[in-house]
file work.csv (CSV, C-alpha atoms)
chain,number,residue,atom,x,y,z
A,1,MET,CA,243.5,38.1,160.3
A,2,MET,CA,239.9,39.3,160.2
A,3,THR,CA,238.2,39.3,156.7
A,4,ASP,CA,235.0,41.0,155.8
A,5,ARG,CA,232.4,38.8,154.1
A,6,MET,CA,229.8,40.6,152.2
A,7,LEU,CA,226.3,38.9,152.5
A,8,SER,CA,224.3,39.6,149.4
A,9,ALA,CA,227.6,40.6,147.9
A,10,ASP,CA,227.1,41.7,144.3
A,11,CYS,CA,224.6,44.0,142.6
A,12,ASP,CA,223.2,41.3,140.4
A,13,ASP,CA,222.2,39.1,143.3
A,14,ARG,CA,220.6,42.1,145.1
A,15,THR,CA,218.7,43.0,141.9
A,16,ALA,CA,217.5,39.4,141.4
A,17,ASP,CA,216.4,39.2,145.1
A,18,TRP,CA,214.5,42.5,144.8
A,19,ILE,CA,212.7,41.4,141.6
A,20,ALA,CA,211.8,38.1,143.1
A,21,MET,CA,210.1,39.7,146.1
A,22,GLN,CA,208.0,42.3,144.2
A,23,ARG,CA,204.5,41.2,143.5
A,24,GLY,CA,202.3,43.4,141.3
A,25,PRO,CA,202.1,44.6,137.7
A,26,TRP,CA,205.2,46.8,137.8
A,27,PHE,CA,207.0,45.0,134.9
A,28,PRO,CA,204.1,45.3,132.5
A,29,LEU,CA,203.6,49.0,133.5
A,30,ILE,CA,207.2,49.8,132.8
A,31,TRP,CA,206.9,48.8,129.2
A,32,LEU,CA,203.6,50.8,128.5
A,33,PRO,CA,205.3,54.2,127.9
A,34,VAL,CA,208.3,52.6,126.2
A,35,LEU,CA,206.1,50.9,123.6
A,36,LEU,CA,203.3,53.5,123.1
A,37,VAL,CA,205.2,56.8,123.1
A,38,ALA,CA,206.5,56.5,119.5
A,39,PRO,CA,203.1,55.6,117.8
A,40,LEU,CA,201.3,58.1,120.1
A,41,VAL,CA,203.6,61.0,119.2
A,42,SER,CA,203.5,60.1,115.6
A,43,SER,CA,199.7,60.1,115.5
A,44,ILE,CA,199.5,63.4,117.3
A,45,ALA,CA,202.1,65.0,115.0
A,46,THR,CA,200.1,63.9,111.9
A,47,GLY,CA,196.8,65.0,113.3
A,48,ARG,CA,195.1,61.6,113.3
A,49,VAL,CA,192.7,62.2,116.2
A,50,LEU,CA,190.8,58.9,115.9
A,51,VAL,CA,194.0,56.9,116.0
A,52,THR,CA,195.3,59.0,118.9
A,53,VAL,CA,192.1,58.3,120.9
A,54,THR,CA,192.5,54.6,120.0
A,55,TYR,CA,196.0,54.5,121.4
A,56,LEU,CA,194.8,56.2,124.6
A,57,VAL,CA,191.9,53.8,125.1
A,58,ILE,CA,194.3,50.8,124.5
A,59,ALA,CA,196.7,52.2,127.1
A,60,ALA,CA,193.9,52.7,129.7
A,61,TRP,CA,192.5,49.2,129.0
A,62,TYR,CA,196.0,47.7,129.2
A,63,VAL,CA,196.5,49.2,132.7
A,64,VAL,CA,193.1,47.8,133.8
A,65,THR,CA,194.0,44.4,132.3
A,66,VAL,CA,197.4,43.9,133.9
A,67,PHE,CA,196.0,45.0,137.3
A,68,ARG,CA,193.2,42.4,137.1
A,69,PRO,CA,195.1,39.3,138.4
A,70,TYR,CA,196.0,41.2,141.6
A,71,ARG,CA,192.4,42.1,142.4
A,72,GLY,CA,191.3,38.5,143.0
A,73,GLY,CA,188.4,36.7,141.3
A,74,PRO,CA,188.3,33.9,138.7
A,75,ALA,CA,191.1,33.7,136.1
A,76,TRP,CA,188.6,33.8,133.2
A,77,VAL,CA,187.7,37.4,134.0
A,78,GLY,CA,191.2,38.6,133.4
A,79,GLU,CA,191.4,36.5,130.2
A,80,ALA,CA,188.2,38.2,129.0
A,81,PHE,CA,190.0,41.5,129.5
A,82,VAL,CA,192.9,40.2,127.4
A,83,ALA,CA,190.4,39.2,124.7
A,84,VAL,CA,189.0,42.8,124.6
A,85,LEU,CA,192.5,44.2,124.4
A,86,THR,CA,193.2,41.9,121.4
A,87,VAL,CA,190.1,43.3,119.7
A,88,MET,CA,191.3,46.8,120.3
A,89,VAL,CA,194.7,46.1,118.8
A,90,ALA,CA,193.1,44.6,115.8
A,91,ALA,CA,190.8,47.6,115.5
A,92,GLU,CA,193.8,49.9,115.6
A,93,PHE,CA,195.4,48.0,112.7
A,94,VAL,CA,192.2,48.5,110.6
A,95,LEU,CA,192.2,52.2,111.4
A,96,SER,CA,195.9,53.0,111.0
A,97,GLY,CA,197.6,50.1,109.3
A,98,ALA,CA,200.7,50.9,111.5
A,99,GLY,CA,201.9,50.7,115.0
A,100,GLN,CA,201.7,46.9,115.3
A,101,GLY,CA,205.4,46.7,115.9
A,102,PHE,CA,204.7,48.4,119.2
A,103,LEU,CA,201.3,47.1,120.1
A,104,TYR,CA,202.0,43.3,119.5
A,105,PRO,CA,204.7,43.2,122.1
A,106,LEU,CA,202.4,45.1,124.5
A,107,LEU,CA,199.7,42.6,123.9
A,108,ALA,CA,202.2,39.7,124.4
A,109,ILE,CA,203.1,41.2,127.8
A,110,ALA,CA,199.4,41.4,128.8
A,111,MET,CA,198.9,37.8,127.8
A,112,ALA,CA,202.0,36.6,129.8
A,113,THR,CA,200.8,38.6,132.8
A,114,VAL,CA,197.1,37.7,132.9
A,115,ILE,CA,196.4,34.4,131.2
A,116,ARG,CA,196.7,31.3,133.3
A,117,ARG,CA,200.3,30.3,133.6
A,118,ARG,CA,200.1,26.8,132.2
A,119,VAL,CA,198.8,28.2,128.8
A,120,ALA,CA,200.1,31.7,128.8
A,121,LEU,CA,203.3,30.9,127.0
A,122,GLY,CA,201.4,29.1,124.2
A,123,PHE,CA,199.3,32.2,123.6
A,124,VAL,CA,202.4,34.4,123.5
A,125,MET,CA,204.0,32.1,120.9
A,126,ALA,CA,200.9,31.9,118.8
A,127,LEU,CA,200.5,35.7,118.8
A,128,SER,CA,204.2,36.2,117.9
A,129,ILE,CA,204.0,33.7,115.0
A,130,SER,CA,200.8,35.0,113.6
A,131,GLY,CA,202.0,38.6,113.9
A,132,THR,CA,205.3,37.8,112.2
A,133,ILE,CA,203.4,36.2,109.3
A,134,ALA,CA,201.0,39.2,109.0
A,135,GLN,CA,203.9,41.7,109.2
A,136,GLY,CA,205.8,39.7,106.5
A,137,PHE,CA,202.8,39.8,104.1
A,138,ALA,CA,202.1,43.5,104.9
A,139,THR,CA,205.6,44.7,104.3
A,140,TRP,CA,207.1,41.9,102.1
A,141,SER,CA,210.3,42.3,104.2
A,142,LEU,CA,211.8,39.3,105.9
A,143,SER,CA,214.0,41.3,108.2
A,144,SER,CA,211.0,43.4,109.3
A,145,ALA,CA,208.9,40.3,110.0
A,146,LEU,CA,211.7,38.6,112.0
A,147,LEU,CA,212.3,41.7,114.0
A,148,PHE,CA,208.6,42.0,114.7
A,149,GLY,CA,208.5,38.4,115.9
A,150,PHE,CA,211.6,38.7,118.0
A,151,ALA,CA,210.2,41.7,119.8
A,152,SER,CA,206.9,40.0,120.5
A,153,VAL,CA,208.6,36.8,121.7
A,154,MET,CA,211.1,38.6,123.9
A,155,ALA,CA,208.5,40.8,125.5
A,156,GLY,CA,206.1,37.9,126.3
A,157,VAL,CA,208.7,35.3,127.3
A,158,SER,CA,210.6,37.7,129.6
A,159,THR,CA,207.3,38.8,131.3
A,160,TYR,CA,206.3,35.1,131.7
A,161,LEU,CA,209.7,34.2,133.3
A,162,ILE,CA,209.5,37.1,135.7
A,163,ARG,CA,206.0,36.2,136.6
A,164,TYR,CA,207.1,32.6,137.2
A,165,LEU,CA,210.0,33.7,139.3
A,166,VAL,CA,207.9,36.0,141.5
A,167,ASP,CA,205.2,33.3,141.9
A,168,THR,CA,207.8,30.6,142.8
A,169,VAL,CA,209.5,32.8,145.4
A,170,ALA,CA,206.1,33.7,146.9
A,171,GLU,CA,205.3,29.9,147.1
A,172,LEU,CA,208.7,29.2,148.7
A,173,ARG,CA,208.3,31.9,151.3
A,174,ALA,CA,204.9,30.6,152.2
A,175,THR,CA,206.3,27.1,152.4
A,176,ARG,CA,209.1,28.3,154.6
A,177,ARG,CA,206.6,29.9,157.0
A,178,ARG,CA,204.6,26.7,157.1
A,179,LEU,CA,207.7,24.7,157.8
A,180,ALA,CA,208.8,27.1,160.5
A,181,GLY,CA,205.4,26.6,162.2
A,182,ILE,CA,205.7,22.8,161.9
A,183,ALA,CA,209.2,23.0,163.3
A,184,VAL,CA,208.0,25.0,166.3
A,185,THR,CA,205.2,22.4,166.9
A,186,GLU,CA,207.6,19.5,166.7
A,187,GLU,CA,210.0,21.2,169.1
A,188,ARG,CA,207.2,21.8,171.6
A,189,GLN,CA,206.2,18.1,171.3
A,190,ARG,CA,209.8,17.0,171.7
A,191,PHE,CA,210.2,19.3,174.7
A,192,SER,CA,207.0,17.8,176.2
A,193,ARG,CA,208.3,14.3,175.7
A,194,ASP,CA,211.7,15.1,177.2
A,195,LEU,CA,210.0,16.6,180.3
A,196,HIS,CA,207.7,13.6,180.6
A,197,ASP,CA,210.7,11.3,180.4
A,198,LEU,CA,212.6,13.4,182.8
A,199,LEU,CA,210.0,13.9,185.5
A,200,GLY,CA,207.7,10.9,185.0
A,201,HIS,CA,209.8,8.4,187.0
A,202,THR,CA,210.8,11.1,189.6
A,203,LEU,CA,207.2,12.1,190.4
A,204,SER,CA,206.2,8.4,190.6
A,205,VAL,CA,208.9,7.9,193.2
A,206,ILE,CA,207.8,10.9,195.2
A,207,VAL,CA,204.2,9.7,195.2
A,208,VAL,CA,205.3,6.2,196.4
A,209,LYS,CA,207.4,7.7,199.2
A,210,ALA,CA,204.5,10.1,200.2
A,211,GLU,CA,202.2,7.1,200.5
A,212,ALA,CA,204.7,5.3,202.7
A,213,ILE,CA,205.0,8.4,204.9
A,214,ARG,CA,201.2,8.4,205.3
A,215,ARG,CA,201.2,4.7,206.2
A,216,PHE,CA,204.1,4.9,208.7
A,217,ALA,CA,203.2,8.3,210.2
A,218,ALA,CA,201.8,6.8,213.4
A,219,SER,CA,203.9,3.7,213.9
A,220,ASP,CA,207.4,4.1,212.5
A,221,THR,CA,209.0,7.6,213.0
A,222,ASP,CA,212.4,6.5,211.6
A,223,ALA,CA,210.8,5.2,208.4
A,224,VAL,CA,208.9,8.5,208.0
A,225,ILE,CA,212.1,10.4,208.4
A,226,SER,CA,213.9,8.2,205.9
A,227,HIS,CA,211.2,8.5,203.3
A,228,ALA,CA,210.9,12.3,203.8
A,229,GLN,CA,214.7,12.6,203.2
A,230,GLY,CA,214.3,10.5,200.1
A,231,ILE,CA,211.6,12.9,198.8
A,232,GLU,CA,213.9,15.8,199.4
A,233,ASP,CA,216.8,14.2,197.6
A,234,VAL,CA,214.6,13.2,194.6
A,235,GLY,CA,213.1,16.7,194.4
A,236,ARG,CA,216.5,18.4,194.4
A,237,THR,CA,217.7,16.1,191.7
A,238,ALA,CA,214.6,16.7,189.6
A,239,LEU,CA,214.9,20.4,190.0
A,240,ALA,CA,218.6,20.4,188.8
A,241,ASP,CA,217.6,18.2,185.8
A,242,VAL,CA,214.8,20.6,184.8
A,243,ARG,CA,217.1,23.6,185.1
A,244,GLN,CA,219.7,21.9,182.9
A,245,ALA,CA,217.1,20.9,180.3
A,246,VAL,CA,215.6,24.4,180.2
A,247,ALA,CA,219.0,26.1,180.0
A,248,GLY,CA,219.9,23.8,177.1
A,249,TYR,CA,216.8,24.9,175.2
A,250,ARG,CA,217.2,28.6,175.9
A,251,ARG,CA,221.0,28.8,175.1
A,252,MET,CA,221.7,31.7,172.8
A,253,THR,CA,224.9,31.8,170.7
A,254,LEU,CA,226.4,34.6,168.7
A,255,ALA,CA,226.7,32.6,165.5
A,256,ASP,CA,223.0,31.6,165.6
A,257,GLU,CA,221.9,35.2,166.2
A,258,LEU,CA,224.1,36.5,163.4
A,259,ASP,CA,222.5,33.9,161.0
A,260,ASN,CA,219.0,35.0,162.2
A,261,ALA,CA,219.9,38.7,161.8
A,262,GLU,CA,221.3,38.1,158.3
A,263,GLN,CA,218.1,36.4,157.2
A,264,ALA,CA,215.8,39.0,158.7
A,265,LEU,CA,217.8,41.9,157.3
A,266,ALA,CA,218.0,40.3,153.8
A,267,ASP,CA,214.2,39.9,153.8
A,268,ALA,CA,213.9,43.6,154.5
A,269,GLY,CA,216.4,44.5,151.7
A,270,VAL,CA,219.3,45.5,154.0
A,271,ASP,CA,222.8,44.3,153.1
A,272,SER,CA,224.8,42.7,155.9
A,273,VAL,CA,228.6,42.7,156.5
A,274,ILE,CA,229.9,40.3,159.1
A,275,THR,CA,233.5,39.8,160.2
A,276,MET,CA,234.7,36.3,159.6
A,277,PRO,CA,235.9,34.1,161.2
A,278,LEU,CA,234.4,34.8,164.6
A,279,PRO,CA,236.8,34.8,167.5
A,280,LYS,CA,236.6,32.2,170.2
A,281,LEU,CA,234.7,33.7,173.2
A,282,ALA,CA,233.8,32.6,176.7
A,283,ALA,CA,230.3,31.2,177.0
A,284,ASP,CA,228.9,34.2,178.9
A,285,VAL,CA,230.4,36.7,176.4
A,286,ASP,CA,229.2,34.7,173.4
A,287,ALA,CA,225.6,34.7,174.8
A,288,LEU,CA,225.8,38.4,175.6
A,289,PHE,CA,226.9,39.3,172.1
A,290,GLY,CA,224.1,37.2,170.8
A,291,TRP,CA,221.6,39.4,172.7
A,292,VAL,CA,223.4,42.5,171.4
A,293,VAL,CA,223.0,41.3,167.8
A,294,ARG,CA,219.3,40.5,168.3
A,295,GLU,CA,218.5,43.9,169.8
A,296,ALA,CA,220.5,45.8,167.3
A,297,ALA,CA,219.1,44.0,164.3
A,298,THR,CA,215.6,44.6,165.7
A,299,ASN,CA,216.3,48.3,166.0
A,300,THR,CA,217.6,48.4,162.4
A,301,LEU,CA,214.5,46.7,161.1
A,302,ARG,CA,212.0,48.8,163.0
A,303,HIS,CA,213.5,52.3,163.1
A,304,ALA,CA,216.6,52.8,161.1
A,305,ARG,CA,215.4,52.7,157.4
A,306,ALA,CA,218.9,51.6,156.6
A,307,SER,CA,220.3,49.9,153.5
A,308,ARG,CA,223.4,48.5,155.1
A,309,CYS,CA,224.3,47.1,158.5
A,310,SER,CA,227.7,45.8,159.6
A,311,PHE,CA,228.6,43.4,162.5
A,312,ARG,CA,232.3,43.4,163.6
A,313,VAL,CA,233.5,41.2,166.4
A,314,ALA,CA,237.0,41.3,167.8
A,315,ALA,CA,239.0,39.8,170.7
A,316,HIS,CA,242.4,41.1,171.7
A,317,ASP,CA,244.3,42.5,174.7
A,318,GLY,CA,242.0,40.7,177.1
A,319,GLU,CA,238.9,42.4,175.8
A,320,ALA,CA,236.1,41.3,173.5
A,321,THR,CA,234.3,43.9,171.4
A,322,ILE,CA,231.3,43.9,169.1
A,323,GLU,CA,230.4,46.9,167.0
A,324,ILE,CA,227.1,47.1,165.0
A,325,ALA,CA,226.6,50.0,162.7
A,326,ASP,CA,223.9,50.9,160.1
A,327,ASN,CA,223.6,53.8,157.7
A,328,GLY,CA,220.0,54.7,158.6
A,329,ARG,CA,218.5,57.8,160.2
A,330,GLY,CA,219.7,57.0,163.7
A,331,ALA,CA,217.5,56.1,166.7
A,332,LEU,CA,215.8,58.1,169.3
A,333,ALA,CA,216.0,57.1,173.0
A,334,ALA,CA,212.3,56.4,173.0
A,335,GLU,CA,212.7,53.9,170.2
A,336,TRP,CA,215.2,51.8,172.0
A,337,GLY,CA,213.5,52.1,175.4
A,338,SER,CA,213.7,49.0,177.6
A,339,GLY,CA,215.8,47.2,175.0
A,340,LEU,CA,218.8,49.4,175.5
A,341,ARG,CA,218.4,49.4,179.3
A,342,GLY,CA,218.2,45.6,179.3
A,343,LEU,CA,221.4,45.4,177.3
A,344,ARG,CA,223.2,47.8,179.6
A,345,GLU,CA,222.3,45.6,182.6
A,346,ARG,CA,223.5,42.5,180.8
A,347,VAL,CA,226.8,44.2,179.9
A,348,ALA,CA,227.3,45.5,183.4
A,349,ARG,CA,227.0,42.0,184.8
A,350,LEU,CA,230.1,41.0,182.9
A,351,GLY,CA,232.0,44.2,183.8
A,352,GLY,CA,231.7,45.7,180.4
A,353,THR,CA,230.7,49.0,178.8
A,354,LEU,CA,228.0,49.9,176.2
A,355,ASP,CA,228.4,53.0,173.9
A,356,VAL,CA,225.9,54.4,171.5
A,357,ASP,CA,226.6,56.9,168.7
A,358,SER,CA,223.5,58.0,166.8
A,359,ASP,CA,222.9,60.8,164.4
A,360,ALA,CA,221.5,61.4,160.9
A,361,ARG,CA,224.3,59.4,159.3
A,362,GLY,CA,223.4,56.2,161.1
A,363,PHE,CA,223.5,54.3,164.4
A,364,VAL,CA,226.6,52.6,166.0
A,365,LEU,CA,226.4,50.4,169.0
A,366,THR,CA,229.6,49.3,170.6
A,367,VAL,CA,229.9,46.8,173.5
A,368,ARG,CA,233.2,46.0,175.3
A,369,VAL,CA,233.6,43.3,177.9
A,370,PRO,CA,236.5,41.4,179.5
A,371,LEU,CA,237.5,38.4,177.3
A,372,GLU,CA,236.8,36.0,180.2
A,373,GLY,CA,233.2,36.7,181.0
A,374,ASP,CA,233.0,34.1,183.7
A,375,ALA,CA,235.9,35.5,185.6
A,376,ALA,CA,234.4,39.0,185.4

call {"tool": "encode", "arguments": {"input": "work.csv", "output": "structure tokens"}}
result
Amino acid sequence: MMTDRMLSADCDDRTADWIAMQRGPWFPLIWLPVLLVAPLVSSIATGRVLVTVTYLVIAAWYVVTVFRPYRGGPAWVGEAFVAVLTVMVAAEFVLSGAGQGFLYPLLAIAMATVIRRRVALGFVMALSISGTIAQGFATWSLSSALLFGFASVMAGVSTYLIRYLVDTVAELRATRRRLAGIAVTEERQRFSRDLHDLLGHTLSVIVVKAEAIRRFAASDTDAVISHAQGIEDVGRTALADVRQAVAGYRRMTLADELDNAEQALADAGVDSVITMPLPKLAADVDALFGWVVREAATNTLRHARASRCSFRVAAHDGEATIEIADNGRGALAAEWGSGLRGLRERVARLGGTLDVDSDARGFVLTVRVPLEGDAA
């Protein structure tokens, strides 16, 4: 019985993946209106123009500050921006004596975003502790002081953790790209060594026999014929060996292409659904379905703007079927071009059919071939 396995299955995992891949000051900017709306509305309602202007200046400088790390340059420049923001918050306290319950968490977020990561958490904790003590002496209320400290700590620490997560994921993705490049280089070197081992001796034999032919060309016709036949036999054997080696390197399988498509779609934020387990297919059919998955996944990534893509593979009644569907905007004939024509040719060689259903609701590609591709 076929079962559907959801890749990137639950909402929590998708949300975590999305957060981990988003670089930029989006998290600090989300909290700006949340933390400043209340004191800003209060100052406007009470007619305190100077305090209102101070809030607006703080908000503008906060935006400039949290954008600073993403503009390049030395870290101390951004830290200087944080220092100026701290002075502004202190000035607001002198002017109004209120609003610190909102501005201290905002300042903690800015510190966690901009200050160098190895010391940012220390600054956040120092700010929270000092603010809690100041709030306690200002209000003589333990609950108010603890609530103040909790808000500052949570704002700063959560921002720090998200920054750490995003930076770590970026480093891992860069490392993966470097490892992929190294793997390609190593594979090329291995392929070169294999070809050298495969052909080195053969070519040496051919050279020796060619020299013998040159020596005996005028004196021993039978020896020349024998050596020429030997060159022909060695050449045929070498050609067969090379073909086998190259075929082994170029072999495409459905399982590998499904894994590649899963990773590529996940990186683009597209959920994948794959029927598991995969049915046992003839070698030619398996390779063909691998090509179908590669072309369809490429189409989904380039043109579909989809959020979900399903891959269903079945084998029954002497027929193998693969159906790939996404919920994107469909695809124009010009967007598929030679890719679809190439697939049709591959399918036709195995005596199968290829059907496309494309409209505004999505794109469905269905391929059916005889179960025994070699026989077809």

call {"tool": "residues_around", "arguments": {"input": "work.csv", "residues": "segment 73-87 of chain A", "least_positions_apart": "4", "cutoff": "9 Å", "atoms": "all atoms listed in the file", "output": "ChimeraX atom specification"}}
result
/A:58,61-62,64-69,91-92,107,110-111,114-116

call {"tool": "atom_distance", "arguments": {"input": "work.csv", "atom1": "atom CA of Ala287 of chain A", "atom2": "atom CA of Thr253 of chain A"}}
result
5.1 Å

call {"tool": "atom_distance", "arguments": {"input": "work.csv", "atom1": "atom CA of Ala320 of chain A", "atom2": "atom CA of Pro277 of chain A"}}
result
14.3 Å

call {"tool": "residues_around", "arguments": {"input": "work.csv", "residues": "Asp355 of chain A", "least_positions_apart": "6", "cutoff": "8 Å", "atoms": "all atoms listed in the file", "output": "number ranges by chain"}}
result
A: 365-367

call {"tool": "closest_residue", "arguments": {"input": "work.csv", "among": "A:Asp326, A:Glu319, A:Asp222, A:Asp286", "to": "Arg361 of chain A", "atoms": "only C-alpha atoms"}}
result
A:Asp326

call {"tool": "closest_residue", "arguments": {"input": "work.csv", "among": "A:Thr54, A:Arg71, A:Arg346, A:Val273", "to": "Ala90 of chain A", "atoms": "all atoms listed in the file"}}
result
A:Thr54

call {"tool": "atom_distance", "arguments": {"input": "work.csv", "atom1": "atom CA of Leu106 of chain A", "atom2": "atom CA of Ala170 of chain A"}}
result
25.4 Å

call {"tool": "closest_residue", "arguments": {"input": "work.csv", "among": "A:Arg176, A:Arg48, A:Ser130, A:Tyr160", "to": "Pro28 of chain A", "atoms": "only C-alpha atoms"}}
result
A:Tyr160

call {"tool": "decode", "arguments": {"input": "work.csv", "residues": "segment 348-362 of chain A", "atoms": "N, CA, C and O atoms", "output": "JSON list (two decimals), in the first residue's frame"}}
result
[["chain", "number", "residue", "atom", "x", "y", "z"],
["A", 348, "ALA", "N", 8.82, 8.55, -25.63],
["A", 348, "ALA", "CA", 8.44, 7.83, -26.85],
["A", 348, "ALA", "C", 9.36, 6.65, -27.11],
["A", 348, "ALA", "O", 8.92, 5.61, -27.63],
["A", 349, "ARG", "N", 10.65, 6.76, -26.75],
["A", 349, "ARG", "CA", 11.58, 5.65, -26.96],
["A", 349, "ARG", "C", 11.18, 4.41, -26.18],
["A", 349, "ARG", "O", 11.49, 3.29, -26.58],
["A", 350, "LEU", "N", 10.51, 4.61, -25.04],
["A", 350, "LEU", "CA", 10.06, 3.47, -24.23],
["A", 350, "LEU", "C", 8.61, 3.12, -24.48],
["A", 350, "LEU", "O", 8.00, 2.36, -23.72],
["A", 351, "GLY", "N", 8.03, 3.70, -25.55],
["A", 351, "GLY", "CA", 6.65, 3.38, -25.90],
["A", 351, "GLY", "C", 5.62, 3.95, -24.95],
["A", 351, "GLY", "O", 4.54, 3.37, -24.80],
["A", 352, "GLY", "N", 5.93, 5.07, -24.31],
["A", 352, "GLY", "CA", 5.01, 5.66, -23.34],
["A", 352, "GLY", "C", 4.34, 6.92, -23.84],
["A", 352, "GLY", "O", 4.48, 7.31, -25.01],
["A", 353, "THR", "N", 3.59, 7.56, -22.95],
["A", 353, "THR", "CA", 2.88, 8.80, -23.27],
["A", 353, "THR", "C", 3.17, 9.85, -22.21],
["A", 353, "THR", "O", 3.42, 9.52, -21.05],
["A", 354, "LEU", "N", 3.12, 11.11, -22.61],
["A", 354, "LEU", "CA", 3.33, 12.24, -21.71],
["A", 354, "LEU", "C", 2.16, 13.20, -21.85],
["A", 354, "LEU", "O", 1.82, 13.61, -22.96],
["A", 355, "ASP", "N", 1.52, 13.54, -20.74],
["A", 355, "ASP", "CA", 0.37, 14.44, -20.74],
["A", 355, "ASP", "C", 0.66, 15.63, -19.82],
["A", 355, "ASP", "O", 1.25, 15.47, -18.74],
["A", 356, "VAL", "N", 0.21, 16.80, -20.24],
["A", 356, "VAL", "CA", 0.39, 18.03, -19.47],
["A", 356, "VAL", "C", -0.96, 18.68, -19.25],
["A", 356, "VAL", "O", -1.75, 18.81, -20.19],
["A", 357, "ASP", "N", -1.23, 19.06, -18.02],
["A", 357, "ASP", "CA", -2.45, 19.81, -17.68],
["A", 357, "ASP", "C", -2.00, 21.06, -16.94],
["A", 357, "ASP", "O", -1.52, 20.99, -15.81],
["A", 358, "SER", "N", -2.14, 22.22, -17.58],
["A", 358, "SER", "CA", -1.64, 23.47, -17.01],
["A", 358, "SER", "C", -2.71, 24.55, -17.08],
["A", 358, "SER", "O", -3.29, 24.80, -18.14],
["A", 359, "ASP", "N", -3.00, 25.16, -15.92],
["A", 359, "ASP", "CA", -3.91, 26.30, -15.87],
["A", 359, "ASP", "C", -3.53, 27.14, -14.66],
["A", 359, "ASP", "O", -2.48, 26.94, -14.05],
["A", 360, "ALA", "N", -4.40, 28.09, -14.32],
["A", 360, "ALA", "CA", -4.10, 29.02, -13.22],
["A", 360, "ALA", "C", -4.04, 28.33, -11.87],
["A", 360, "ALA", "O", -3.52, 28.88, -10.90],
["A", 361, "ARG", "N", -4.59, 27.10, -11.79],
["A", 361, "ARG", "CA", -4.59, 26.39, -10.51],
["A", 361, "ARG", "C", -3.32, 25.57, -10.30],
["A", 361, "ARG", "O", -3.09, 25.07, -9.21],
["A", 362, "GLY", "N", -2.52, 25.43, -11.33],
["A", 362, "GLY", "CA", -1.29, 24.69, -11.16],
["A", 362, "GLY", "C", -0.88, 23.95, -12.42],
["A", 362, "GLY", "O", -1.45, 24.14, -13.50]]
